[in-house]
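Asks: Below is start02.cif; it holds mmCIF, C-alpha atoms.
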```cif
data_start
loop_
_atom_site.label_atom_id
_atom_site.label_comp_id
_atom_site.auth_asym_id
_atom_site.auth_seq_id
_atom_site.Cartn_x
_atom_site.Cartn_y
_atom_site.Cartn_z
CA THR A 232 86.35 127.10 89.58
CA THR A 233 85.72 126.50 93.25
CA ALA A 234 82.13 125.59 92.44
CA ASP A 235 83.34 122.90 90.05
CA ALA A 236 85.84 121.67 92.64
CA ALA A 237 83.17 121.36 95.29
CA ALA A 238 81.10 119.16 92.98
CA ASN A 239 83.90 116.66 92.29
CA TRP A 240 85.23 114.70 95.21
CA THR A 241 85.66 111.24 96.60
CA GLU A 242 83.86 110.54 99.88
CA ILE A 243 84.13 107.57 102.21
CA ARG A 244 81.59 106.95 104.98
CA SER A 245 80.79 103.87 107.04
CA ALA A 246 80.56 102.37 110.51
CA ARG A 247 83.00 100.26 112.55
CA THR A 248 84.33 97.88 109.90
CA ASN A 249 87.36 97.06 107.77
CA VAL A 250 87.47 97.59 104.00
CA GLU A 251 89.77 96.22 101.34
CA THR A 252 89.79 96.10 97.53
CA ASP A 253 89.68 92.86 95.62
CA GLY A 254 91.44 92.17 92.35
CA ASP A 255 88.64 93.75 90.32
CA SER A 256 88.89 97.14 92.08
CA ASN A 257 85.74 96.57 94.11
CA LEU A 258 85.49 97.68 97.72
CA SER A 259 85.19 94.66 100.02
CA LEU A 260 83.72 95.32 103.46
CA HIS A 261 84.78 92.94 106.19
CA THR A 262 84.02 92.45 109.86
CA ARG A 263 86.78 91.27 112.17
CA ALA A 264 86.50 88.48 114.75
CA GLY A 265 89.81 87.88 116.46
CA ALA A 266 92.48 87.12 113.87
CA SER A 267 90.01 86.05 111.17
CA MET A 268 88.24 88.21 108.59
CA SER A 269 84.75 87.26 107.36
CA GLU A 270 83.46 88.96 104.21
CA ASN A 271 80.28 90.95 104.70
CA TRP A 272 79.47 92.52 101.33
CA LEU A 273 80.98 94.13 98.23
CA LEU A 274 80.61 97.61 96.77
CA ASN A 275 81.37 98.31 93.13
CA HIS A 276 84.13 100.88 92.54
CA ASP A 277 82.50 102.32 89.41
CA GLY A 278 79.64 104.40 90.85
CA THR A 279 79.22 108.07 90.04
CA GLN A 280 77.44 109.57 93.08
CA ASP A 281 77.59 109.47 96.85
CA HIS A 282 74.51 109.02 99.06
CA LYS A 283 73.74 112.76 98.87
CA GLY A 284 73.80 112.74 95.07
CA ASN A 285 77.19 114.47 94.84
CA ALA A 286 79.48 113.49 91.96
CA THR A 287 82.55 111.46 92.91
CA VAL A 288 85.95 111.27 91.25
CA ASN A 289 86.58 107.60 92.03
CA SER A 290 83.62 105.84 93.52
CA ALA A 291 84.56 105.40 97.16
CA SER A 292 81.13 106.16 98.60
CA ILE A 293 79.18 103.73 100.70
CA GLN A 294 75.53 104.28 99.90
CA GLY A 295 72.82 104.78 102.48
CA LEU A 296 74.82 105.67 105.57
CA GLN A 297 73.80 108.77 107.47
CA ASP A 298 75.90 111.66 108.79
CA GLY A 299 77.53 110.70 112.05
CA ALA A 300 78.69 107.23 111.01
CA ALA A 301 82.41 106.67 111.50
CA TYR A 302 85.13 104.12 110.97
CA ASP A 303 86.53 102.81 114.25
CA PHE A 304 90.21 101.79 114.07
CA ASP A 305 91.94 99.96 116.93
CA GLY A 306 95.54 100.63 115.82
CA ASP A 307 96.12 96.93 115.23
CA GLY A 308 95.63 96.03 111.57
CA ASP A 309 92.43 97.92 110.63
CA TYR A 310 92.58 100.01 107.45
CA ILE A 311 90.74 100.85 104.23
CA ASP A 312 92.18 100.35 100.75
CA VAL A 313 90.37 102.77 98.41
CA GLY A 314 92.35 101.77 95.32
CA THR A 315 94.63 103.58 92.89
CA GLY A 316 94.02 106.91 91.16
CA VAL A 317 92.64 108.73 94.21
CA LEU A 318 95.71 110.68 95.35
CA ASN A 319 97.45 111.18 92.00
CA SER A 320 96.01 114.60 91.06
CA GLU A 321 98.74 117.24 90.74
CA ASP A 322 96.57 119.69 92.71
CA ILE A 323 94.62 118.12 95.55
CA THR A 324 92.61 118.69 98.72
CA ILE A 325 92.20 116.07 101.46
CA SER A 326 89.46 116.70 104.02
CA VAL A 327 88.78 114.42 106.99
CA TRP A 328 87.25 114.40 110.48
CA VAL A 329 89.39 112.51 113.00
CA LYS A 330 89.07 111.57 116.67
CA PRO A 331 92.34 110.02 117.89
CA GLU A 332 92.14 107.76 120.92
CA ASP A 333 95.89 107.55 121.54
CA LYS A 334 98.06 109.96 119.53
CA ASP A 335 101.31 108.46 120.85
CA SER A 336 100.73 104.75 120.31
CA PRO A 337 101.83 103.94 117.74
CA ALA A 338 104.11 106.95 117.22
CA LEU A 339 103.30 107.02 113.47
CA GLN A 340 99.65 106.58 112.45
CA GLY A 341 98.36 106.86 108.90
CA ILE A 342 95.16 108.85 108.35
CA VAL A 343 94.95 109.26 104.55
CA THR A 344 98.06 108.10 102.69
CA ASN A 345 99.08 106.41 99.47
CA GLY A 346 100.43 103.60 101.63
CA THR A 347 103.67 103.32 99.72
CA THR A 348 107.26 102.62 100.71
CA THR A 349 109.50 105.54 101.68
CA GLY A 350 111.47 105.53 98.43
CA THR A 351 108.81 106.59 95.89
CA SER A 352 106.46 109.51 95.22
CA ARG A 353 103.91 109.80 97.99
CA ARG A 354 101.34 111.82 99.92
CA ASP A 355 100.88 111.09 103.62
CA LEU A 356 98.49 112.74 106.07
CA ASP A 357 99.23 111.19 109.42
CA ILE A 358 99.94 111.54 113.13
CA ASN A 359 103.67 111.78 113.78
CA THR A 360 104.94 111.90 117.38
CA GLY A 361 101.69 113.39 118.65
CA VAL A 362 100.95 116.00 115.94
CA PHE A 363 99.12 115.98 112.60
CA LYS A 364 101.54 116.08 109.68
CA PHE A 365 101.26 116.22 105.89
CA HIS A 366 104.23 114.99 103.91
CA GLN A 367 104.72 114.85 100.14
CA LYS A 368 107.49 113.45 97.98
CA SER A 369 107.89 113.67 94.19
CA GLY A 370 110.61 111.33 93.00
CA SER A 371 113.75 112.31 94.93
CA ALA A 372 112.35 115.76 95.86
CA GLN A 373 110.96 115.80 99.39
CA LEU A 374 108.47 118.43 100.55
CA GLU A 375 108.75 119.63 104.14
CA SER A 376 105.89 118.58 106.40
CA THR A 377 103.14 120.90 107.53
CA SER A 378 101.83 120.17 111.03
CA ALA A 379 99.06 120.91 113.53
CA GLU A 380 98.16 120.09 117.12
CA CYS A 381 96.48 116.72 117.65
CA ARG A 382 94.11 116.21 120.60
CA GLU A 383 92.84 112.89 121.93
CA GLY A 384 89.15 112.10 122.36
CA VAL A 385 88.01 115.17 120.39
CA TRP A 386 86.66 115.37 116.84
CA GLN A 387 88.88 117.66 114.75
CA HIS A 388 88.43 118.68 111.12
CA LEU A 389 91.69 118.39 109.20
CA VAL A 390 92.24 119.69 105.65
CA VAL A 391 95.39 119.85 103.56
CA THR A 392 95.73 121.41 100.10
CA SER A 393 98.54 121.11 97.58
CA ALA A 394 98.71 123.33 94.48
CA THR A 395 101.21 123.80 91.67
CA ASN A 396 102.37 127.42 91.43
CA GLY A 397 104.55 127.72 88.34
CA SER A 398 107.44 125.35 89.02
CA ASP A 399 106.73 125.29 92.79
CA THR A 400 104.21 123.53 95.04
CA ASP A 401 102.25 125.34 97.78
CA THR A 402 100.80 123.33 100.66
CA VAL A 403 98.42 124.57 103.37
CA MET A 404 97.06 122.77 106.44
CA TYR A 405 93.76 123.77 108.06
CA LEU A 406 92.47 122.72 111.47
CA ASP A 407 88.78 123.27 112.29
CA GLY A 408 88.40 125.65 109.36
CA VAL A 409 91.46 127.81 110.09
CA ALA A 410 94.77 127.79 108.16
CA ILE A 411 97.48 127.00 110.71
CA ASP A 412 100.53 125.98 108.66
CA SER A 413 101.87 126.32 105.10
CA TYR A 414 104.96 125.58 103.05
CA THR A 415 106.23 126.27 99.52
CA ALA A 416 108.54 123.72 97.88
CA THR A 417 110.68 125.51 95.30
CA GLY A 418 111.21 123.75 91.99
CA VAL A 419 108.98 120.77 92.84
CA VAL A 420 105.77 119.67 91.11
CA MET A 421 103.83 116.70 92.49
CA THR A 422 103.78 113.87 89.93
CA GLY A 423 104.31 110.13 89.79
CA ILE A 424 101.97 108.95 92.57
CA THR A 425 100.62 105.57 91.53
CA ASP A 426 100.08 103.60 94.74
CA ALA A 427 96.67 102.95 96.27
CA CYS A 428 95.04 105.33 98.74
CA LYS A 429 94.93 103.91 102.27
CA ILE A 430 92.83 105.18 105.17
CA GLY A 431 94.15 104.35 108.63
CA PHE A 432 97.52 102.95 107.50
CA LEU A 433 101.04 104.26 106.78
CA ASN A 434 103.44 101.97 104.86
CA SER A 435 104.47 99.73 107.77
CA SER A 436 102.87 96.95 109.81
CA ASN A 437 102.92 98.99 113.04
CA ARG A 438 101.61 102.32 111.67
CA TYR A 439 97.84 101.92 111.96
CA PHE A 440 95.47 104.65 113.13
CA ASN A 441 94.06 104.39 116.66
CA GLY A 442 90.71 106.17 116.89
CA GLN A 443 87.81 107.16 114.64
CA ILE A 444 87.71 108.63 111.13
CA ARG A 445 84.71 109.98 109.23
CA ASP A 446 83.74 112.12 106.22
CA VAL A 447 86.85 111.62 104.10
CA LYS A 448 86.69 113.82 100.99
CA ILE A 449 89.38 114.04 98.30
CA PHE A 450 89.14 116.83 95.70
CA PRO A 451 91.23 116.90 92.47
CA SER A 452 92.00 120.60 93.08
CA ALA A 453 93.27 122.87 95.84
CA LEU A 454 90.29 124.43 97.61
CA VAL A 455 90.57 128.01 98.88
CA ALA A 456 90.05 129.09 102.49
CA GLY A 457 86.37 129.94 102.01
CA ASP A 458 85.60 126.46 100.68
CA VAL A 459 87.47 124.88 103.59
CA ARG A 460 85.38 126.87 106.07
CA LYS A 461 82.24 125.59 104.35
CA LEU A 462 83.48 122.02 104.68
CA TYR A 463 84.06 122.58 108.38
CA ALA A 464 80.57 124.08 108.75
CA GLY A 465 79.01 121.18 106.85
CA GLU A 466 77.88 123.33 103.90
CA ASN A 467 79.72 121.23 101.25
#
```
Take the structure I supplied and represent it as structure tokens, if you would.
Replies:
Amino acid sequence: TTADAAANWTEIRSARTNVETDGDSNLSLHTRAGASMSENWLLNHDGTQDHKGNATVNSASIQGLQDGAAYDFDGDGDYIDVGTGVLNSEDITISVWVKPEDKDSPALQGIVTNGTTTGTSRRDLDINTGVFKFHQKSGSAQLESTSAECREGVWQHLVVTSATNGSDTDTVMYLDGVAIDSYTATGVVMTGITDACKIGFLNSSNRYFNGQIRDVKIFPSALVAGDVRKLYAGEN
């Protein structure tokens, strides 16, 4: 049900920092000083609730941070590795607030992706030549991108849903609570995604996000339009 879906999601919140995972699937928070990285603190990846008491699918919540905190990415090597198992649900919803500083440099900028190479199954929500795009690939079957207008210096709420419909896959993109693009891939079901979820990075050394990202939520189901509007209004 949509009520169950709204109670099960992965959320990532923090302030101007860089996050990686170590070999034990912990989240490692780092601060950056020039070319060096100095470890700040670790967060276990096995928690069950976010800081509002909401259940999480894979613990990617940073406890104690208040609404309004954001990750600040400079487009030059900053990203977050959330770990594996976050984007592999057959049906999925990705919700994120973004504030791009430069939508054209670099031309490709990862927002929420599985950070994989171009030859395997993948899900990529990114900025591509100045517009928001959502791209999926299952094995050799490639799903056409959905897209939306991207504006610089403005917070925008971006949501994409992907749902299996028989032997097909339906995708919808929402911008600021309104559905603005959709696509149905005939004869394709999303399976086989195994790579780690990355925030602010897209499978190449020059594809880092330039701007701010906050309130990332990943649901293991495809939310309906009413639930997306509630996310935009801050009700979920």
Asks: What is the CA of Ile342 in chain A-CA of Ala427 in chain A distance in Å, reported with one decimal?
Replies: 13.5 Å
Asks: Determine the nearest neighbour of Met421 in chain A from the options A:Glu466, A:Asp333, A:Asp401, A:Asp303, counting all atoms listed in the file.
Replies: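 Comparing A:Glu466, A:Asp333, A:Asp401, A:Asp303 against Met421 in chain A, the winner is A:Asp401.
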Asks: So how far away is CA of Arg438 in chain A from CA of Leu339 in chain A, in Å?
Replies: 5.3 Å
Asks: Take the PyMOL selection byres ((chain A and resi 408) around 9), run it mentally on this structure, and tell me the resulting residues as a PyMOL selection string.
Replies: chain A and resi 388-390+405-407+409-410+456-457+459-464
Asks: Output C-alpha atoms for every residue in that selection, as a compact mmCIF listing (two decimals), in the coordinates of the input.
Replies:
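Generated output (result-v3.txt):
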```txt
# COMPACT_ATOMS: atom_id res chain seq x y z
CA HIS A 388 88.43 118.68 111.12
CA LEU A 389 91.69 118.39 109.20
CA VAL A 390 92.24 119.69 105.65
CA TYR A 405 93.76 123.77 108.06
CA LEU A 406 92.47 122.72 111.47
CA ASP A 407 88.78 123.27 112.29
CA VAL A 409 91.46 127.81 110.09
CA ALA A 410 94.77 127.79 108.16
CA ALA A 456 90.05 129.09 102.49
CA GLY A 457 86.37 129.94 102.01
CA VAL A 459 87.47 124.88 103.59
CA ARG A 460 85.38 126.87 106.07
CA LYS A 461 82.24 125.59 104.35
CA LEU A 462 83.48 122.02 104.68
CA TYR A 463 84.06 122.58 108.38
CA ALA A 464 80.57 124.08 108.75
```
Asks: So what does the PyMOL selection byres ((chain A and resi 383) around 7) actually pick up in this one, as a PyMOL selection string?
Replies: chain A and resi 330-334+381-382+384-385
Asks: Could you give me, as a list in words, the residues that have an atom at most 7 Å away from the point (98.9, 118.2, 97.6) in the coordinates of the file, using all atoms listed in the file?
Replies: Glu321, Asp322, Ile323, Thr324, Thr392, Ser393, Ala394 and Thr402 of chain A
Asks: For those residues, write C-alpha atoms to a file as a tab-separated table (two decimals), in the frame of the given file.
Replies:
```
chain	number	residue	atom	x	y	z
A	321	GLU	CA	98.74	117.24	90.74
A	322	ASP	CA	96.57	119.69	92.71
A	323	ILE	CA	94.62	118.12	95.55
A	324	THR	CA	92.61	118.69	98.72
A	392	THR	CA	95.73	121.41	100.10
A	393	SER	CA	98.54	121.11	97.58
A	394	ALA	CA	98.71	123.33	94.48
A	402	THR	CA	100.80	123.33	100.66
```
Asks: To one decimal place in Å, what is the distance between CA of Phe432 in chain A and CA of Tyr302 in chain A?
Replies: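 That distance, rounded to one decimal, is 12.9 Å.
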Asks: Please write out, as lines of an AutoDock Vina configuration file, where the centre of an axis-aligned box around all listed atoms of range 387-401 of chain A lies and how long its edges are, in Å to one decimal, after adding 6 Å on each side.
Replies:
```
center_x = 97.9
center_y = 122.7
center_z = 101.5
size_x = 31.0
size_y = 22.1
size_z = 38.4
```
Asks: Evaluate the PyMOL selection byres ((chain A and resi 305-309) around 7) here and jot the selected residues down as JSON, numbers by chain.
Replies: {"A": [249, 303, 304, 310, 431, 439, 440, 441, 442]}
Asks: For Arg445 in chain A, which of A:Ser320, A:Ser336, A:Val313, A:Ser326 is the closest residue, counting all atoms listed in the file?
Replies: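 Selected residue with least distance to Arg445 in chain A: A:Ser326.
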Asks: Could you check which of A:Lys368, A:Ile411, A:Ala379, A:Ser435 is closest to Thr351 in chain A, using only C-alpha atoms?
Replies: A:Lys368
Asks: Using all atoms listed in the file, pick whichever of A:Ser376, A:Ser352, A:Thr360, A:Ser413 has the shortest atom-to-atom distance to Asp335 in chain A.
Replies: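 Selected residue with least distance to Asp335 in chain A: A:Thr360.
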Asks: Quick one: residues within 9 Å of Thr377 in chain A, only C-alpha atoms, excluding same-chain residues fewer than 4 positions away - as JSON, numbers by chain?
Replies: {"A": [363, 364, 365, 366, 391, 402, 403, 404, 411, 412, 413, 414]}
Asks: Kindly export the residues of the current selection with C-alpha atoms, as a PDB file, in the coordinates of the input.
Replies:
```pdb
ATOM      1  CA  PHE A 363      99.120 115.980 112.600  1.00  0.00           C
ATOM      2  CA  LYS A 364     101.540 116.080 109.680  1.00  0.00           C
ATOM      3  CA  PHE A 365     101.260 116.220 105.890  1.00  0.00           C
ATOM      4  CA  HIS A 366     104.230 114.990 103.910  1.00  0.00           C
ATOM      5  CA  VAL A 391      95.390 119.850 103.560  1.00  0.00           C
ATOM      6  CA  THR A 402     100.800 123.330 100.660  1.00  0.00           C
ATOM      7  CA  VAL A 403      98.420 124.570 103.370  1.00  0.00           C
ATOM      8  CA  MET A 404      97.060 122.770 106.440  1.00  0.00           C
ATOM      9  CA  ILE A 411      97.480 127.000 110.710  1.00  0.00           C
ATOM     10  CA  ASP A 412     100.530 125.980 108.660  1.00  0.00           C
ATOM     11  CA  SER A 413     101.870 126.320 105.100  1.00  0.00           C
ATOM     12  CA  TYR A 414     104.960 125.580 103.050  1.00  0.00           C
TER      13      TYR A 414
END
```
Asks: Show me the residues close to (94.8, 110.6, 100.1) - anything with an atom within 12 Å, counting only C-alpha atoms - and format the list as a VMD selection string.
Replies: chain A and resid 240 to 243 289 291 311 to 320 322 to 327 341 to 347 353 to 357 365 to 367 390 to 393 424 to 433 447 to 451
Asks: Output C-alpha atoms for every residue in the selection just made, as a PDB file, in the frame of the given file.
Replies:
```pdb
ATOM      1  CA  TRP A 240      85.230 114.700  95.210  1.00  0.00           C
ATOM      2  CA  THR A 241      85.660 111.240  96.600  1.00  0.00           C
ATOM      3  CA  GLU A 242      83.860 110.540  99.880  1.00  0.00           C
ATOM      4  CA  ILE A 243      84.130 107.570 102.210  1.00  0.00           C
ATOM      5  CA  ASN A 289      86.580 107.600  92.030  1.00  0.00           C
ATOM      6  CA  ALA A 291      84.560 105.400  97.160  1.00  0.00           C
ATOM      7  CA  ILE A 311      90.740 100.850 104.230  1.00  0.00           C
ATOM      8  CA  ASP A 312      92.180 100.350 100.750  1.00  0.00           C
ATOM      9  CA  VAL A 313      90.370 102.770  98.410  1.00  0.00           C
ATOM     10  CA  GLY A 314      92.350 101.770  95.320  1.00  0.00           C
ATOM     11  CA  THR A 315      94.630 103.580  92.890  1.00  0.00           C
ATOM     12  CA  GLY A 316      94.020 106.910  91.160  1.00  0.00           C
ATOM     13  CA  VAL A 317      92.640 108.730  94.210  1.00  0.00           C
ATOM     14  CA  LEU A 318      95.710 110.680  95.350  1.00  0.00           C
ATOM     15  CA  ASN A 319      97.450 111.180  92.000  1.00  0.00           C
ATOM     16  CA  SER A 320      96.010 114.600  91.060  1.00  0.00           C
ATOM     17  CA  ASP A 322      96.570 119.690  92.710  1.00  0.00           C
ATOM     18  CA  ILE A 323      94.620 118.120  95.550  1.00  0.00           C
ATOM     19  CA  THR A 324      92.610 118.690  98.720  1.00  0.00           C
ATOM     20  CA  ILE A 325      92.200 116.070 101.460  1.00  0.00           C
ATOM     21  CA  SER A 326      89.460 116.700 104.020  1.00  0.00           C
ATOM     22  CA  VAL A 327      88.780 114.420 106.990  1.00  0.00           C
ATOM     23  CA  GLY A 341      98.360 106.860 108.900  1.00  0.00           C
ATOM     24  CA  ILE A 342      95.160 108.850 108.350  1.00  0.00           C
ATOM     25  CA  VAL A 343      94.950 109.260 104.550  1.00  0.00           C
ATOM     26  CA  THR A 344      98.060 108.100 102.690  1.00  0.00           C
ATOM     27  CA  ASN A 345      99.080 106.410  99.470  1.00  0.00           C
ATOM     28  CA  GLY A 346     100.430 103.600 101.630  1.00  0.00           C
ATOM     29  CA  THR A 347     103.670 103.320  99.720  1.00  0.00           C
ATOM     30  CA  ARG A 353     103.910 109.800  97.990  1.00  0.00           C
ATOM     31  CA  ARG A 354     101.340 111.820  99.920  1.00  0.00           C
ATOM     32  CA  ASP A 355     100.880 111.090 103.620  1.00  0.00           C
ATOM     33  CA  LEU A 356      98.490 112.740 106.070  1.00  0.00           C
ATOM     34  CA  ASP A 357      99.230 111.190 109.420  1.00  0.00           C
ATOM     35  CA  PHE A 365     101.260 116.220 105.890  1.00  0.00           C
ATOM     36  CA  HIS A 366     104.230 114.990 103.910  1.00  0.00           C
ATOM     37  CA  GLN A 367     104.720 114.850 100.140  1.00  0.00           C
ATOM     38  CA  VAL A 390      92.240 119.690 105.650  1.00  0.00           C
ATOM     39  CA  VAL A 391      95.390 119.850 103.560  1.00  0.00           C
ATOM     40  CA  THR A 392      95.730 121.410 100.100  1.00  0.00           C
ATOM     41  CA  SER A 393      98.540 121.110  97.580  1.00  0.00           C
ATOM     42  CA  ILE A 424     101.970 108.950  92.570  1.00  0.00           C
ATOM     43  CA  THR A 425     100.620 105.570  91.530  1.00  0.00           C
ATOM     44  CA  ASP A 426     100.080 103.600  94.740  1.00  0.00           C
ATOM     45  CA  ALA A 427      96.670 102.950  96.270  1.00  0.00           C
ATOM     46  CA  CYS A 428      95.040 105.330  98.740  1.00  0.00           C
ATOM     47  CA  LYS A 429      94.930 103.910 102.270  1.00  0.00           C
ATOM     48  CA  ILE A 430      92.830 105.180 105.170  1.00  0.00           C
ATOM     49  CA  GLY A 431      94.150 104.350 108.630  1.00  0.00           C
ATOM     50  CA  PHE A 432      97.520 102.950 107.500  1.00  0.00           C
ATOM     51  CA  LEU A 433     101.040 104.260 106.780  1.00  0.00           C
ATOM     52  CA  VAL A 447      86.850 111.620 104.100  1.00  0.00           C
ATOM     53  CA  LYS A 448      86.690 113.820 100.990  1.00  0.00           C
ATOM     54  CA  ILE A 449      89.380 114.040  98.300  1.00  0.00           C
ATOM     55  CA  PHE A 450      89.140 116.830  95.700  1.00  0.00           C
ATOM     56  CA  PRO A 451      91.230 116.900  92.470  1.00  0.00           C
TER      57      PRO A 451
END
```
